[in-house]
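Contents: one structure, followed by commentary.
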Amino acid sequence: MIEATSCGGVVIFRGKILLLYKNYKNRYEGWVLPKGTVEEGEEYKDTALREVREETGSQADIIKYIGKSQYTFNIPSDTVIKDVHWYLMMADSYYSKPQREEYFTDSGFYKYHEAYHLLKFANEKQILEKAYSEYIDLKRSNLWGNPKYF
């Protein structure tokens, strides 16, 4: 069994959530949240920011840690257990450009209900629910976007 760790972000701008569409040689298609593998010596929050920037081109700031999801998948020689650490992030615009080298063919910001139904994986839907709830709480408290908060 192989253990792997990734970090990613639920990126929000003006109430909309950033998603990526992945299409790998027509074997896998689906909308996902941006995430990627932790590099040697890198802190989780730095991985999350780097991966969001690399995969989407979006500039974002971390607002708070949301939690961890876990899933397993098989490779020819073994089973991989992956932990993903998620952060709620605020983007500075609606700009996004999918990273073609990672087989992302589309990206964009979607309303919560659209994003929820577009997401392919149940664990990412759960993270989205938690992150969006935090976002709503911060908005109600007038803390969203307040530099003093983060």
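Ordering of the structure tokens sets the chain letters (A, B, ...); residue numbers start at 1 within each chain; ligands are numbered from 1 in the order shown.
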
Within chain A, find each residue whose DSSP state, derived from the backbone, is helix (DSSP H, G or I), and express the selection as a PyMOL selection string.
chain A and resi 44-56+100-102+112-118+122-140

Could you tell me, as a PyMOL selection string, which residues of range 31-111 of chain A DSSP assigns to strand (DSSP E or B) when given the backbone?
chain A and resi 31-32+35-37+60-75+78-91+104-110

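Proximity to Thr5 in chain A was assessed for A:Glu39, A:Asp92, A:Glu129, A:Glu54 counting only C-alpha atoms; the smallest distance is recorded for A:Glu39.
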
Distance in Å - CA of Cys7 in chain A versus CA of Ala48 in chain A:
4.8 Å

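Nearest residue to Glu102 in chain A, choosing from A:Ala4, A:Leu118, A:Met90, A:Leu20 and counting only C-alpha atoms: A:Leu20.
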
Identify which of the residues A:Gly108, A:Gly8, A:Gly30, A:Gly15 lies closest to Arg53 in chain A, counting only C-alpha atoms when measuring atom-to-atom distances.
A:Gly8

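Counting only C-alpha atoms, the residue from A:Ile136, A:Ile2, A:Ala115, A:Ala91 that sits nearest to Val52 in chain A is A:Ala91.
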
Residues near Gln70 in chain A, cut-off 8 Å, only C-alpha atoms, skip fewer than 6 positions along chain, as a PyMOL selection string:
chain A and resi 81-84+123
